[in-house]
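Listing of structure_37.pdb, PDB, C-alpha atoms and all ligand atoms
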```
MODEL        1
ATOM      1  CA  MET T1201     -47.992 -76.506  62.275
ATOM      2  CA  THR T1202     -48.133 -78.685  65.351
ATOM      3  CA  MET T1203     -46.607 -77.325  68.522
ATOM      4  CA  ASP T1204     -44.978 -79.777  70.866
ATOM      5  CA  LEU T1205     -43.893 -79.197  74.442
ATOM      6  CA  ASP T1206     -40.168 -79.039  73.641
ATOM      7  CA  ARG T1207     -40.649 -76.278  71.102
ATOM      8  CA  ALA T1208     -43.043 -74.418  73.389
ATOM      9  CA  ARG T1209     -40.490 -74.612  76.227
ATOM     10  CA  THR T1210     -37.763 -73.172  74.023
ATOM     11  CA  GLN T1211     -40.028 -70.282  72.987
ATOM     12  CA  ILE T1212     -41.144 -69.540  76.553
ATOM     13  CA  ILE T1213     -37.582 -69.610  77.946
ATOM     14  CA  SER T1214     -36.401 -67.322  75.178
ATOM     15  CA  ALA T1215     -39.372 -64.949  75.720
ATOM     16  CA  GLY T1216     -38.406 -64.750  79.405
ATOM     17  CA  LYS T1217     -34.837 -63.728  78.561
ATOM     18  CA  PHE T1218     -36.098 -61.148  76.072
ATOM     19  CA  LEU T1219     -38.697 -59.626  78.419
ATOM     20  CA  ASP T1220     -36.236 -59.609  81.307
ATOM     21  CA  SER T1221     -33.770 -57.707  79.109
ATOM     22  CA  LYS T1222     -36.504 -55.066  78.649
ATOM     23  CA  GLY T1223     -37.133 -54.768  82.400
ATOM     24  CA  LEU T1224     -40.440 -56.623  82.070
ATOM     25  CA  ALA T1225     -39.738 -59.531  84.431
ATOM     26  CA  PRO T1226     -38.950 -58.002  87.839
ATOM     27  CA  ALA T1227     -38.800 -60.373  90.821
ATOM     28  CA  THR T1228     -40.796 -63.495  89.824
ATOM     29  CA  SER T1229     -43.548 -61.543  88.091
ATOM     30  CA  GLY T1230     -45.297 -62.417  84.857
ATOM     31  CA  ASN T1231     -46.419 -65.625  83.233
ATOM     32  CA  TYR T1232     -46.189 -66.940  79.704
ATOM     33  CA  SER T1233     -47.921 -69.674  77.726
ATOM     34  CA  VAL T1234     -48.068 -71.370  74.326
ATOM     35  CA  ARG T1235     -50.984 -73.336  72.886
ATOM     36  CA  LEU T1236     -49.988 -76.937  72.191
ATOM     37  CA  SER T1237     -51.522 -79.352  69.735
ATOM     38  CA  GLY T1238     -54.398 -81.343  71.196
ATOM     39  CA  ASP T1239     -56.064 -78.617  73.256
ATOM     40  CA  CYS T1240     -53.318 -78.419  75.890
ATOM     41  CA  ILE T1241     -51.308 -75.398  76.958
ATOM     42  CA  ALA T1242     -47.666 -75.042  78.042
ATOM     43  CA  ILE T1243     -47.379 -72.449  80.830
ATOM     44  CA  THR T1244     -44.818 -71.180  83.304
ATOM     45  CA  VAL T1245     -44.970 -72.535  86.847
ATOM     46  CA  SER T1246     -45.736 -70.329  89.802
ATOM     47  CA  GLY T1247     -42.824 -68.510  91.412
ATOM     48  CA  SER T1248     -39.856 -68.804  89.028
ATOM     49  CA  HIS T1249     -37.830 -65.830  87.840
ATOM     50  CA  LYS T1250     -38.835 -65.415  84.207
ATOM     51  CA  GLY T1251     -35.410 -64.295  83.046
ATOM     52  CA  ARG T1252     -33.867 -67.532  84.294
ATOM     53  CA  LEU T1253     -36.400 -70.170  83.251
ATOM     54  CA  THR T1254     -35.404 -73.784  82.609
ATOM     55  CA  ASP T1255     -37.377 -76.633  81.030
ATOM     56  CA  ALA T1256     -38.622 -77.606  84.506
ATOM     57  CA  ASP T1257     -40.333 -74.210  84.879
ATOM     58  CA  VAL T1258     -42.746 -74.870  81.991
ATOM     59  CA  ILE T1259     -45.558 -77.372  82.505
ATOM     60  CA  THR T1260     -48.584 -78.644  80.624
ATOM     61  CA  ILE T1261     -52.176 -77.901  81.557
ATOM     62  CA  ASP T1262     -55.446 -78.837  79.875
ATOM     63  CA  LYS T1263     -57.820 -76.243  78.452
ATOM     64  CA  THR T1264     -59.617 -75.919  81.803
ATOM     65  CA  GLY T1265     -56.343 -75.007  83.513
ATOM     66  CA  ALA T1266     -55.841 -78.327  85.339
ATOM     67  CA  ALA T1267     -52.161 -79.312  85.640
ATOM     68  CA  LEU T1268     -51.254 -82.490  83.744
ATOM     69  CA  GLU T1269     -48.206 -83.008  85.946
ATOM     70  CA  ASP T1270     -47.441 -82.692  89.622
ATOM     71  CA  LYS T1271     -46.505 -79.001  89.689
ATOM     72  CA  LYS T1272     -48.378 -75.769  90.331
ATOM     73  CA  PRO T1273     -49.079 -73.681  87.237
ATOM     74  CA  SER T1274     -49.063 -69.880  87.362
ATOM     75  CA  ALA T1275     -51.586 -68.277  89.726
ATOM     76  CA  GLU T1276     -53.065 -66.478  86.709
ATOM     77  CA  THR T1277     -53.611 -69.630  84.645
ATOM     78  CA  ALA T1278     -57.373 -68.979  84.466
ATOM     79  CA  LEU T1279     -56.730 -65.757  82.548
ATOM     80  CA  HIS T1280     -54.641 -67.615  79.955
ATOM     81  CA  THR T1281     -57.253 -70.341  79.410
ATOM     82  CA  GLN T1282     -59.933 -67.663  79.065
ATOM     83  CA  LEU T1283     -57.954 -65.810  76.367
ATOM     84  CA  TYR T1284     -57.300 -69.015  74.382
ATOM     85  CA  GLY T1285     -61.059 -69.651  74.489
ATOM     86  CA  LEU T1286     -61.937 -66.110  73.372
ATOM     87  CA  PHE T1287     -59.261 -65.888  70.645
ATOM     88  CA  PRO T1288     -58.996 -69.167  68.707
ATOM     89  CA  GLN T1289     -56.167 -67.681  66.600
ATOM     90  CA  ALA T1290     -54.027 -66.890  69.669
ATOM     91  CA  GLN T1291     -51.064 -69.262  69.984
ATOM     92  CA  ALA T1292     -49.018 -67.468  72.635
ATOM     93  CA  ILE T1293     -49.853 -65.232  75.614
ATOM     94  CA  LEU T1294     -47.534 -63.012  77.631
ATOM     95  CA  HIS T1295     -48.375 -61.336  80.922
ATOM     96  CA  VAL T1296     -45.861 -58.881  82.343
ATOM     97  CA  HIS T1297     -45.604 -56.445  85.213
ATOM     98  CA  SER T1298     -44.721 -53.092  83.733
ATOM     99  CA  VAL T1299     -43.794 -49.767  85.357
ATOM    100  CA  PRO T1300     -45.649 -47.594  82.808
ATOM    101  CA  ALA T1301     -48.744 -49.857  82.823
ATOM    102  CA  THR T1302     -48.793 -49.521  86.608
ATOM    103  CA  VAL T1303     -48.135 -45.772  86.708
ATOM    104  CA  VAL T1304     -50.625 -44.710  84.017
ATOM    105  CA  THR T1305     -53.475 -46.637  85.678
ATOM    106  CA  ARG T1306     -52.629 -45.600  89.217
ATOM    107  CA  GLY T1307     -54.766 -43.142  91.165
ATOM    108  CA  ASN T1308     -57.386 -42.729  88.458
ATOM    109  CA  THR T1309     -60.617 -44.462  87.486
ATOM    110  CA  GLN T1310     -60.027 -44.603  83.730
ATOM    111  CA  LYS T1311     -61.601 -47.687  82.166
ATOM    112  CA  ALA T1312     -59.400 -47.674  79.070
ATOM    113  CA  ILE T1313     -56.379 -45.998  77.610
ATOM    114  CA  VAL T1314     -56.579 -44.628  74.080
ATOM    115  CA  LEU T1315     -53.319 -44.695  72.137
ATOM    116  CA  GLU T1316     -53.564 -42.318  69.222
ATOM    117  CA  GLY T1317     -51.348 -41.056  66.433
ATOM    118  CA  TYR T1318     -48.261 -43.081  67.303
ATOM    119  CA  GLU T1319     -46.119 -44.609  64.550
ATOM    120  CA  MET T1320     -45.568 -47.579  66.913
ATOM    121  CA  LEU T1321     -49.254 -48.547  66.569
ATOM    122  CA  LYS T1322     -48.198 -50.268  63.333
ATOM    123  CA  ALA T1323     -46.676 -53.048  65.474
ATOM    124  CA  PHE T1324     -50.242 -54.207  66.181
ATOM    125  CA  PRO T1325     -51.889 -56.635  63.753
ATOM    126  CA  GLY T1326     -54.015 -55.016  61.057
ATOM    127  CA  ILE T1327     -52.729 -51.458  61.616
ATOM    128  CA  ASN T1328     -50.725 -49.836  58.835
ATOM    129  CA  THR T1329     -50.907 -46.143  59.611
ATOM    130  CA  HIS T1330     -50.242 -43.856  62.561
ATOM    131  CA  GLU T1331     -53.499 -42.061  61.768
ATOM    132  CA  THR T1332     -55.571 -44.317  63.973
ATOM    133  CA  SER T1333     -56.310 -44.991  67.585
ATOM    134  CA  LEU T1334     -56.320 -48.108  69.693
ATOM    135  CA  GLU T1335     -58.326 -48.542  72.864
ATOM    136  CA  ILE T1336     -56.786 -50.815  75.489
ATOM    137  CA  PRO T1337     -59.212 -51.744  78.298
ATOM    138  CA  ILE T1338     -58.159 -51.384  81.914
ATOM    139  CA  PHE T1339     -59.515 -53.892  84.419
ATOM    140  CA  GLU T1340     -59.458 -53.644  88.201
ATOM    141  CA  ASN T1341     -56.867 -55.761  89.946
ATOM    142  CA  SER T1342     -57.974 -58.656  92.152
ATOM    143  CA  GLN T1343     -56.429 -61.732  93.734
ATOM    144  CA  ASP T1344     -59.593 -63.550  92.664
ATOM    145  CA  MET T1345     -59.110 -64.634  89.036
ATOM    146  CA  LYS T1346     -62.869 -65.117  88.708
ATOM    147  CA  ASP T1347     -63.314 -61.400  89.286
ATOM    148  CA  ILE T1348     -60.835 -60.444  86.539
ATOM    149  CA  ARG T1349     -62.312 -63.064  84.183
ATOM    150  CA  GLU T1350     -65.761 -61.485  84.591
ATOM    151  CA  GLN T1351     -64.411 -58.054  83.708
ATOM    152  CA  VAL T1352     -62.658 -59.474  80.644
ATOM    153  CA  GLU T1353     -65.795 -61.339  79.600
ATOM    154  CA  ARG T1354     -67.897 -58.161  79.834
ATOM    155  CA  ARG T1355     -65.648 -55.779  77.940
ATOM    156  CA  ILE T1356     -63.277 -57.547  75.597
ATOM    157  CA  THR T1357     -64.084 -57.664  71.875
ATOM    158  CA  LYS T1358     -62.608 -59.644  69.016
ATOM    159  CA  ASP T1359     -60.570 -56.541  68.070
ATOM    160  CA  THR T1360     -59.035 -56.033  71.521
ATOM    161  CA  PRO T1361     -55.277 -56.626  71.110
ATOM    162  CA  ALA T1362     -54.293 -56.442  74.795
ATOM    163  CA  TYR T1363     -55.568 -55.488  78.223
ATOM    164  CA  ILE T1364     -54.145 -53.779  81.276
ATOM    165  CA  ILE T1365     -54.793 -54.675  84.914
ATOM    166  CA  ARG T1366     -54.662 -51.584  87.101
ATOM    167  CA  ASP T1367     -51.606 -51.154  89.370
ATOM    168  CA  HIS T1368     -50.327 -54.458  88.003
ATOM    169  CA  GLY T1369     -49.357 -55.021  84.354
ATOM    170  CA  PHE T1370     -50.717 -56.160  81.009
ATOM    171  CA  TYR T1371     -51.698 -59.165  78.904
ATOM    172  CA  VAL T1372     -50.955 -59.529  75.188
ATOM    173  CA  TRP T1373     -51.450 -62.422  72.792
ATOM    174  CA  GLY T1374     -50.312 -63.299  69.298
ATOM    175  CA  ARG T1375     -50.675 -65.751  66.428
ATOM    176  CA  ASP T1376     -47.216 -66.939  67.429
ATOM    177  CA  MET T1377     -44.694 -66.092  70.130
ATOM    178  CA  ALA T1378     -42.865 -63.614  67.880
ATOM    179  CA  GLU T1379     -46.087 -61.624  67.443
ATOM    180  CA  ALA T1380     -46.872 -61.716  71.175
ATOM    181  CA  GLU T1381     -43.348 -60.462  71.950
ATOM    182  CA  ARG T1382     -43.652 -57.687  69.366
ATOM    183  CA  ILE T1383     -46.976 -56.526  70.802
ATOM    184  CA  ALA T1384     -45.616 -56.644  74.357
ATOM    185  CA  GLU T1385     -42.608 -54.546  73.379
ATOM    186  CA  ALA T1386     -44.756 -52.074  71.433
ATOM    187  CA  LEU T1387     -47.328 -51.700  74.200
ATOM    188  CA  GLU T1388     -44.576 -51.149  76.754
ATOM    189  CA  TYR T1389     -43.100 -48.417  74.532
ATOM    190  CA  LEU T1390     -46.494 -46.742  74.039
ATOM    191  CA  LEU T1391     -47.353 -46.827  77.738
ATOM    192  CA  ALA T1392     -43.898 -45.404  78.519
ATOM    193  CA  CYS T1393     -44.671 -42.528  76.101
ATOM    194  CA  GLU T1394     -47.997 -41.960  77.887
ATOM    195  CA  MET T1395     -46.243 -41.983  81.253
ATOM    196  CA  GLU T1396     -43.655 -39.438  80.112
ATOM    197  CA  SER T1397     -46.443 -37.242  78.686
ATOM    198  CA  MET T1398     -48.248 -37.347  82.052
ATOM    199  CA  LYS T1399     -45.057 -36.184  83.770
ATOM    200  CA  ILE T1400     -44.644 -33.284  81.326
ATOM    201  CA  ARG T1401     -48.295 -32.240  81.782
ATOM    202  CA  ALA T1402     -47.968 -32.420  85.567
ATOM    203  CA  GLY T1403     -44.732 -30.382  85.410
ATOM    204  CA  ALA T1404     -46.448 -27.720  83.277
ATOM    205  CA  ARG T1405     -49.237 -27.373  85.834
ATOM    206  CA  ALA T1406     -46.836 -27.038  88.771
TER     207      ALA T1406
HETATM  208 ZN    ZN F   1     -49.309 -60.519  87.337
ENDMDL
END
```

If you took the structure in this file and wrote it as structure tokens, what would it be?
Amino acid sequence: MTMDLDRARTQIISAGKFLDSKGLAPATSGNYSVRLSGDCIAITVSGSHKGRLTDADVITIDKTGAALEDKKPSAETALHTQLYGLFPQAQAILHVHSVPATVVTRGNTQKAIVLEGYEMLKAFPGINTHETSLEIPIFENSQDMKDIREQVERRITKDTPAYIIRDHGFYVWGRDMAEAERIAEALEYLLACEMESMKIRAGARA
């Protein structure tokens, strides 16, 4: 199915409202995109509140990340274009700032988080049992997108469903926006479970 800019805008605006309702769009954080027909990408502009997006907050870029109109795309555009290159099946990408993603990666040097035994894992593509585990890589935060891109390039595999940036948030992608939203909601839930478990363990040690 071809994806035109109008449809992509509607999906991105609606994703912003949904993620904001889940507490995943604080301040002006996050950025969202949809792959358009003809190798272009619709992406949120820099600086808008994602719960209150309008058509003017979504612009078109080419596959190298260059804006095709006179507006500034998201600061993290280079991470979106990289993911579309690595995952040809990905049609939508969501990046959010998340409290549990920040807390569980804070003050440690863990390179990945392993989510194991959760029923919620079935929200991820290709998983149909809780008796499995999913490894989500954690990358170091940087204001230099080249630095994050290199970490992604080194460690991501075709089976990676998402990644976390330490002290920052996470990236998910899907074969359509509905799938990307589902994975974002599931990952947020799972990381919240991990965060609560950390609190209980810390309380038990005190
Ligand atoms: Zn961010």

Distance of atom CA of T:Phe1339 from atom CA of T:Leu1387, expressed in Å to one decimal place: 16.1 Å

Name each residue within 6 Å of ligand ZN 1 (chain F), counting all atoms listed in the file, as an NGL selection string. :T and (1229-1230 or 1297)

Picked residues, the PyMOL selection byres (((chain T and resi 1391) around 10) and not hetatm), expected as a ChimeraX atom specification: /T:1298-1304,1313,1315,1386-1390,1392-1397

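Coordinates place atom CA of T:Lys1322 at a distance of 29.1 Å from atom CA of T:Thr1244.
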
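Using only C-alpha atoms, the nearest neighbour of T:His1368 within the list T:Leu1224, T:Ile1383, T:Met1398, T:Leu1253 is T:Leu1224.
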
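Distance annotation: of T:Gly1223, T:Gly1216, T:Gly1285, T:Gly1265, the residue with the minimal separation from T:Arg1252 is T:Gly1216; atom set is all atoms listed in the file.
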
Check what the PyMOL selection byres (((chain T and resi 1318) around 8) and not hetatm) selects in the file above and give those residues as a PDB file with C-alpha atoms, in the coordinates of the input.
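The result, written out as part-v8.pdb:
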```pdb
ATOM      1  CA  LEU T1315     -53.319 -44.695  72.137  1.00  0.00           C
ATOM      2  CA  GLU T1316     -53.564 -42.318  69.222  1.00  0.00           C
ATOM      3  CA  GLY T1317     -51.348 -41.056  66.433  1.00  0.00           C
ATOM      4  CA  GLU T1319     -46.119 -44.609  64.550  1.00  0.00           C
ATOM      5  CA  MET T1320     -45.568 -47.579  66.913  1.00  0.00           C
ATOM      6  CA  LEU T1321     -49.254 -48.547  66.569  1.00  0.00           C
ATOM      7  CA  HIS T1330     -50.242 -43.856  62.561  1.00  0.00           C
ATOM      8  CA  GLU T1331     -53.499 -42.061  61.768  1.00  0.00           C
ATOM      9  CA  LEU T1390     -46.494 -46.742  74.039  1.00  0.00           C
TER      10      LEU T1390
END
```

Rounded to one decimal, what separation in Å do you get between atom CA of T:Leu1219 and atom CA of T:Gly1374? 15.2 Å

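Compared by their closest atoms to T:Val1314, and using all atoms listed in the file, the residues T:Met1345, T:Ala1275, T:Ile1364, T:Ile1261 rank with T:Ile1364 nearest.
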
Would you mind putting back N, CA, C and O atoms on stretch 1393-1405 of chain T, then writing it out as a JSON list (two decimals), in the coordinates of the input?
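Below you can see part16.json, which holds the result:
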```
[["chain", "number", "residue", "atom", "x", "y", "z"],
["T", 1393, "CYS", "N", -44.43, -43.86, 76.69],
["T", 1393, "CYS", "CA", -44.67, -42.53, 76.10],
["T", 1393, "CYS", "C", -45.80, -41.82, 76.85],
["T", 1393, "CYS", "O", -45.70, -40.62, 77.15],
["T", 1394, "GLU", "N", -46.87, -42.55, 77.15],
["T", 1394, "GLU", "CA", -48.00, -41.96, 77.89],
["T", 1394, "GLU", "C", -47.55, -41.50, 79.27],
["T", 1394, "GLU", "O", -47.95, -40.45, 79.76],
["T", 1395, "MET", "N", -46.71, -42.31, 79.90],
["T", 1395, "MET", "CA", -46.24, -41.98, 81.25],
["T", 1395, "MET", "C", -45.38, -40.71, 81.22],
["T", 1395, "MET", "O", -45.55, -39.82, 82.04],
["T", 1396, "GLU", "N", -44.50, -40.63, 80.23],
["T", 1396, "GLU", "CA", -43.66, -39.44, 80.11],
["T", 1396, "GLU", "C", -44.51, -38.20, 79.83],
["T", 1396, "GLU", "O", -44.25, -37.13, 80.35],
["T", 1397, "SER", "N", -45.56, -38.38, 79.00],
["T", 1397, "SER", "CA", -46.44, -37.24, 78.69],
["T", 1397, "SER", "C", -47.16, -36.76, 79.95],
["T", 1397, "SER", "O", -47.34, -35.56, 80.14],
["T", 1398, "MET", "N", -47.58, -37.72, 80.79],
["T", 1398, "MET", "CA", -48.25, -37.35, 82.05],
["T", 1398, "MET", "C", -47.31, -36.51, 82.92],
["T", 1398, "MET", "O", -47.71, -35.53, 83.52],
["T", 1399, "LYS", "N", -46.03, -36.92, 82.95],
["T", 1399, "LYS", "CA", -45.06, -36.18, 83.77],
["T", 1399, "LYS", "C", -44.90, -34.75, 83.25],
["T", 1399, "LYS", "O", -44.84, -33.81, 84.02],
["T", 1400, "ILE", "N", -44.83, -34.63, 81.92],
["T", 1400, "ILE", "CA", -44.64, -33.28, 81.33],
["T", 1400, "ILE", "C", -45.86, -32.41, 81.63],
["T", 1400, "ILE", "O", -45.73, -31.25, 82.02],
["T", 1401, "ARG", "N", -47.07, -33.01, 81.49],
["T", 1401, "ARG", "CA", -48.30, -32.24, 81.78],
["T", 1401, "ARG", "C", -48.33, -31.80, 83.25],
["T", 1401, "ARG", "O", -48.66, -30.69, 83.57],
["T", 1402, "ALA", "N", -47.94, -32.73, 84.13],
["T", 1402, "ALA", "CA", -47.97, -32.42, 85.57],
["T", 1402, "ALA", "C", -46.94, -31.32, 85.88],
["T", 1402, "ALA", "O", -47.21, -30.41, 86.67],
["T", 1403, "GLY", "N", -45.77, -31.40, 85.21],
["T", 1403, "GLY", "CA", -44.73, -30.38, 85.41],
["T", 1403, "GLY", "C", -45.21, -29.02, 84.94],
["T", 1403, "GLY", "O", -44.95, -27.99, 85.58],
["T", 1404, "ALA", "N", -45.96, -28.98, 83.84],
["T", 1404, "ALA", "CA", -46.45, -27.72, 83.28],
["T", 1404, "ALA", "C", -47.47, -27.06, 84.20],
["T", 1404, "ALA", "O", -47.60, -25.85, 84.25],
["T", 1405, "ARG", "N", -48.21, -27.91, 84.92],
["T", 1405, "ARG", "CA", -49.24, -27.37, 85.83],
["T", 1405, "ARG", "C", -48.62, -26.86, 87.13],
["T", 1405, "ARG", "O", -49.22, -26.06, 87.82]]
```
